[in-house]
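Participant: File name my_file.cif; file contents mmCIF, N, CA and C atoms; full text below.
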data_model
loop_
_atom_site.label_atom_id
_atom_site.label_comp_id
_atom_site.auth_asym_id
_atom_site.auth_seq_id
_atom_site.Cartn_x
_atom_site.Cartn_y
_atom_site.Cartn_z
N MET A 1 0.32 0.74 5.88
CA MET A 1 0.90 0.86 7.20
C MET A 1 2.06 -0.12 7.33
N ARG A 2 3.17 0.35 7.85
CA ARG A 2 4.36 -0.47 8.02
C ARG A 2 4.47 -0.96 9.45
N LEU A 3 5.14 -2.10 9.58
CA LEU A 3 5.40 -2.65 10.91
C LEU A 3 6.53 -1.86 11.54
N ARG A 4 6.26 -1.27 12.70
CA ARG A 4 7.26 -0.47 13.41
C ARG A 4 7.15 -0.73 14.90
N LYS A 5 8.15 -0.29 15.63
CA LYS A 5 8.06 -0.33 17.09
C LYS A 5 7.08 0.74 17.55
N SER A 6 6.38 0.45 18.61
CA SER A 6 5.38 1.38 19.12
C SER A 6 6.02 2.46 19.99
N TYR A 7 5.48 3.64 19.90
CA TYR A 7 5.92 4.73 20.76
C TYR A 7 5.07 4.80 22.02
N ASP A 8 3.77 4.59 21.87
CA ASP A 8 2.82 4.71 22.98
C ASP A 8 2.75 3.47 23.84
N ASP A 9 2.87 2.29 23.22
CA ASP A 9 2.64 1.03 23.93
C ASP A 9 3.94 0.25 24.00
N ARG A 10 4.90 0.75 24.76
CA ARG A 10 6.17 0.06 24.85
C ARG A 10 6.47 -0.27 26.31
N VAL A 11 6.95 -1.48 26.50
CA VAL A 11 7.38 -1.91 27.82
C VAL A 11 8.90 -2.00 27.85
N ILE A 12 9.47 -2.71 26.88
CA ILE A 12 10.92 -2.79 26.79
C ILE A 12 11.40 -2.08 25.53
N LEU A 13 11.13 -2.66 24.37
CA LEU A 13 11.57 -2.06 23.11
C LEU A 13 10.41 -1.58 22.24
N GLY A 14 9.19 -1.95 22.56
CA GLY A 14 8.04 -1.54 21.77
C GLY A 14 7.68 -2.49 20.65
N VAL A 15 8.31 -3.66 20.60
CA VAL A 15 8.07 -4.62 19.53
C VAL A 15 6.66 -5.18 19.61
N CYS A 16 6.25 -5.65 20.76
CA CYS A 16 4.91 -6.23 20.91
C CYS A 16 3.83 -5.19 20.66
N GLY A 17 4.03 -3.98 21.13
CA GLY A 17 3.07 -2.91 20.88
C GLY A 17 2.97 -2.58 19.41
N GLY A 18 4.10 -2.60 18.70
CA GLY A 18 4.09 -2.35 17.26
C GLY A 18 3.38 -3.44 16.49
N ILE A 19 3.60 -4.68 16.88
CA ILE A 19 2.90 -5.80 16.23
C ILE A 19 1.41 -5.70 16.49
N ALA A 20 1.04 -5.36 17.70
CA ALA A 20 -0.38 -5.23 18.05
C ALA A 20 -1.04 -4.10 17.26
N GLU A 21 -0.36 -2.98 17.09
CA GLU A 21 -0.91 -1.89 16.30
C GLU A 21 -1.05 -2.28 14.84
N TYR A 22 -0.07 -3.00 14.31
CA TYR A 22 -0.09 -3.40 12.90
C TYR A 22 -1.25 -4.34 12.60
N TYR A 23 -1.48 -5.32 13.48
CA TYR A 23 -2.55 -6.29 13.27
C TYR A 23 -3.86 -5.90 13.95
N ASN A 24 -3.87 -4.77 14.64
CA ASN A 24 -5.07 -4.25 15.30
C ASN A 24 -5.63 -5.25 16.31
N VAL A 25 -4.75 -5.75 17.16
CA VAL A 25 -5.13 -6.66 18.25
C VAL A 25 -4.59 -6.09 19.56
N SER A 26 -4.94 -6.71 20.63
CA SER A 26 -4.49 -6.28 21.95
C SER A 26 -3.00 -6.57 22.14
N SER A 27 -2.28 -5.61 22.68
CA SER A 27 -0.85 -5.82 22.94
C SER A 27 -0.65 -6.87 24.02
N PHE A 28 -1.62 -7.02 24.92
CA PHE A 28 -1.55 -8.05 25.94
C PHE A 28 -1.52 -9.44 25.29
N LEU A 29 -2.34 -9.64 24.26
CA LEU A 29 -2.38 -10.91 23.54
C LEU A 29 -1.04 -11.20 22.87
N VAL A 30 -0.45 -10.20 22.25
CA VAL A 30 0.84 -10.37 21.58
C VAL A 30 1.92 -10.70 22.60
N ARG A 31 1.89 -10.04 23.74
CA ARG A 31 2.88 -10.32 24.79
C ARG A 31 2.75 -11.75 25.32
N ILE A 32 1.52 -12.21 25.49
CA ILE A 32 1.28 -13.59 25.93
C ILE A 32 1.83 -14.58 24.91
N LEU A 33 1.62 -14.31 23.62
CA LEU A 33 2.15 -15.19 22.58
C LEU A 33 3.68 -15.21 22.60
N PHE A 34 4.30 -14.08 22.84
CA PHE A 34 5.77 -14.05 22.92
C PHE A 34 6.26 -14.83 24.13
N ILE A 35 5.49 -14.88 25.19
CA ILE A 35 5.90 -15.66 26.37
C ILE A 35 5.74 -17.15 26.12
N ILE A 36 4.68 -17.54 25.41
CA ILE A 36 4.37 -18.95 25.20
C ILE A 36 5.28 -19.60 24.16
N LEU A 37 5.57 -18.90 23.06
CA LEU A 37 6.33 -19.49 21.97
C LEU A 37 7.80 -19.67 22.36
N PRO A 38 8.39 -20.82 22.01
CA PRO A 38 9.75 -21.13 22.46
C PRO A 38 10.86 -20.27 21.86
N ILE A 39 10.72 -19.79 20.64
CA ILE A 39 11.79 -19.02 20.01
C ILE A 39 11.55 -17.51 20.14
N SER A 40 10.63 -17.14 20.97
CA SER A 40 10.19 -15.75 21.04
C SER A 40 11.27 -14.79 21.52
N LEU A 41 12.14 -15.17 22.42
CA LEU A 41 13.16 -14.26 22.92
C LEU A 41 14.13 -13.86 21.81
N VAL A 42 14.55 -14.84 21.03
CA VAL A 42 15.45 -14.57 19.91
C VAL A 42 14.76 -13.67 18.88
N ALA A 43 13.51 -14.00 18.54
CA ALA A 43 12.76 -13.21 17.57
C ALA A 43 12.54 -11.79 18.09
N TYR A 44 12.28 -11.64 19.37
CA TYR A 44 12.04 -10.32 19.96
C TYR A 44 13.30 -9.45 19.86
N VAL A 45 14.44 -10.01 20.17
CA VAL A 45 15.69 -9.24 20.11
C VAL A 45 16.00 -8.85 18.67
N ILE A 46 15.84 -9.78 17.75
CA ILE A 46 16.10 -9.47 16.34
C ILE A 46 15.16 -8.40 15.84
N MET A 47 13.88 -8.52 16.15
CA MET A 47 12.91 -7.51 15.73
C MET A 47 13.18 -6.17 16.41
N GLY A 48 13.62 -6.19 17.65
CA GLY A 48 13.95 -4.96 18.35
C GLY A 48 15.10 -4.21 17.70
N LEU A 49 16.02 -4.95 17.11
CA LEU A 49 17.16 -4.33 16.44
C LEU A 49 16.83 -3.88 15.01
N LEU A 50 15.95 -4.63 14.34
CA LEU A 50 15.70 -4.36 12.92
C LEU A 50 14.53 -3.44 12.63
N LEU A 51 13.50 -3.45 13.47
CA LEU A 51 12.33 -2.63 13.20
C LEU A 51 12.64 -1.15 13.41
N PRO A 52 12.11 -0.31 12.52
CA PRO A 52 12.32 1.13 12.72
C PRO A 52 11.47 1.65 13.88
N ASP A 53 11.92 2.74 14.46
CA ASP A 53 11.13 3.37 15.52
C ASP A 53 9.92 4.04 14.93
N TYR A 54 8.91 4.20 15.76
CA TYR A 54 7.65 4.83 15.43
C TYR A 54 7.84 5.78 14.29
#
Could I get this file's structure written as structure tokens?
Facilitator:
Amino acid sequence: MRLRKSYDDRVILGVCGGIAEYYNVSSFLVRILFIILPISLVAYVIMGLLLPDY
């Protein structure tokens, strides 16, 4: 299974939903981690541009 943006669980770009599907965890947990971590906005934008769609 490859890391991709989510089609079903997307709020903005589907990055958190894709990470949650890849690691089989809750997308809510991944979103909380992206809010807490200091470099998360930069990482989110980069992943949103580089990850393939569903």
Participant: Select, from A:Arg4, A:Ser26, A:Ile12, A:Ile19, the residue with the minimum atom-to-atom distance to Leu50 in chain A, counting all atoms listed in the file.
Facilitator: A:Arg4
Participant: Around all of range 31-50 of chain A's listed atoms, make the axis-aligned box with 6 Å on each side and tell me centre and edge lengths in Å to one decimal, as AutoDock Vina command-line options.
Facilitator:
--center_x 9.2 --center_y -12.3 --center_z 19.5 --size_x 27.9 --size_y 29.7 --size_z 25.7
Participant: Using only N, CA and C atoms, which residues sit within 7 Å of Gly18 in chain A once same-chain residues fewer than 6 positions away are excluded, as a list of chain:residue names?
Facilitator: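 Counting only the stated atoms, we get A:Leu3, A:Arg4, A:Lys5, A:Ser6, A:Tyr7, A:Asp9, A:Arg10.
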Participant: If you run DSSP on the backbone, which residues of chain A are alpha helix (DSSP H), as a PyMOL selection string?
Facilitator: chain A and resi 15-23+27-36+40-50
Participant: Considering only N, CA and C atoms, return as a VMD selection string whatever protein or nucleic-acid residues lie within 8 Å of range 29-38 of chain A, sequence-local ones (same chain, fewer than 2 positions apart) excluded.
Facilitator: chain A and resid 15 to 17 19 to 20 25 to 27 40 to 44
Participant: Mind listing whatever residues come within 8 Å of the point (1.8, 2.6, 10.4)? Use only N, CA and C atoms, file coordinates, and give them as a list in words.
Facilitator: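 Residues lying no farther than 8 Å from the given point: Met1, Arg2, Leu3, Arg4, Glu21, Tyr22 and Tyr54 of chain A.
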Participant: To one decimal in Å, tell me the separation between atom N of Leu51 in chain A and CA of Leu13 in chain A.
Facilitator: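 Here the two named atoms are 9.9 Å from each other.
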Participant: Record the distance separating atom N of Gly14 in chain A and CA of Pro52 in chain A, expressed in Å with one decimal.
Facilitator: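 Rounded to one decimal, the two atoms are 10.8 Å apart.
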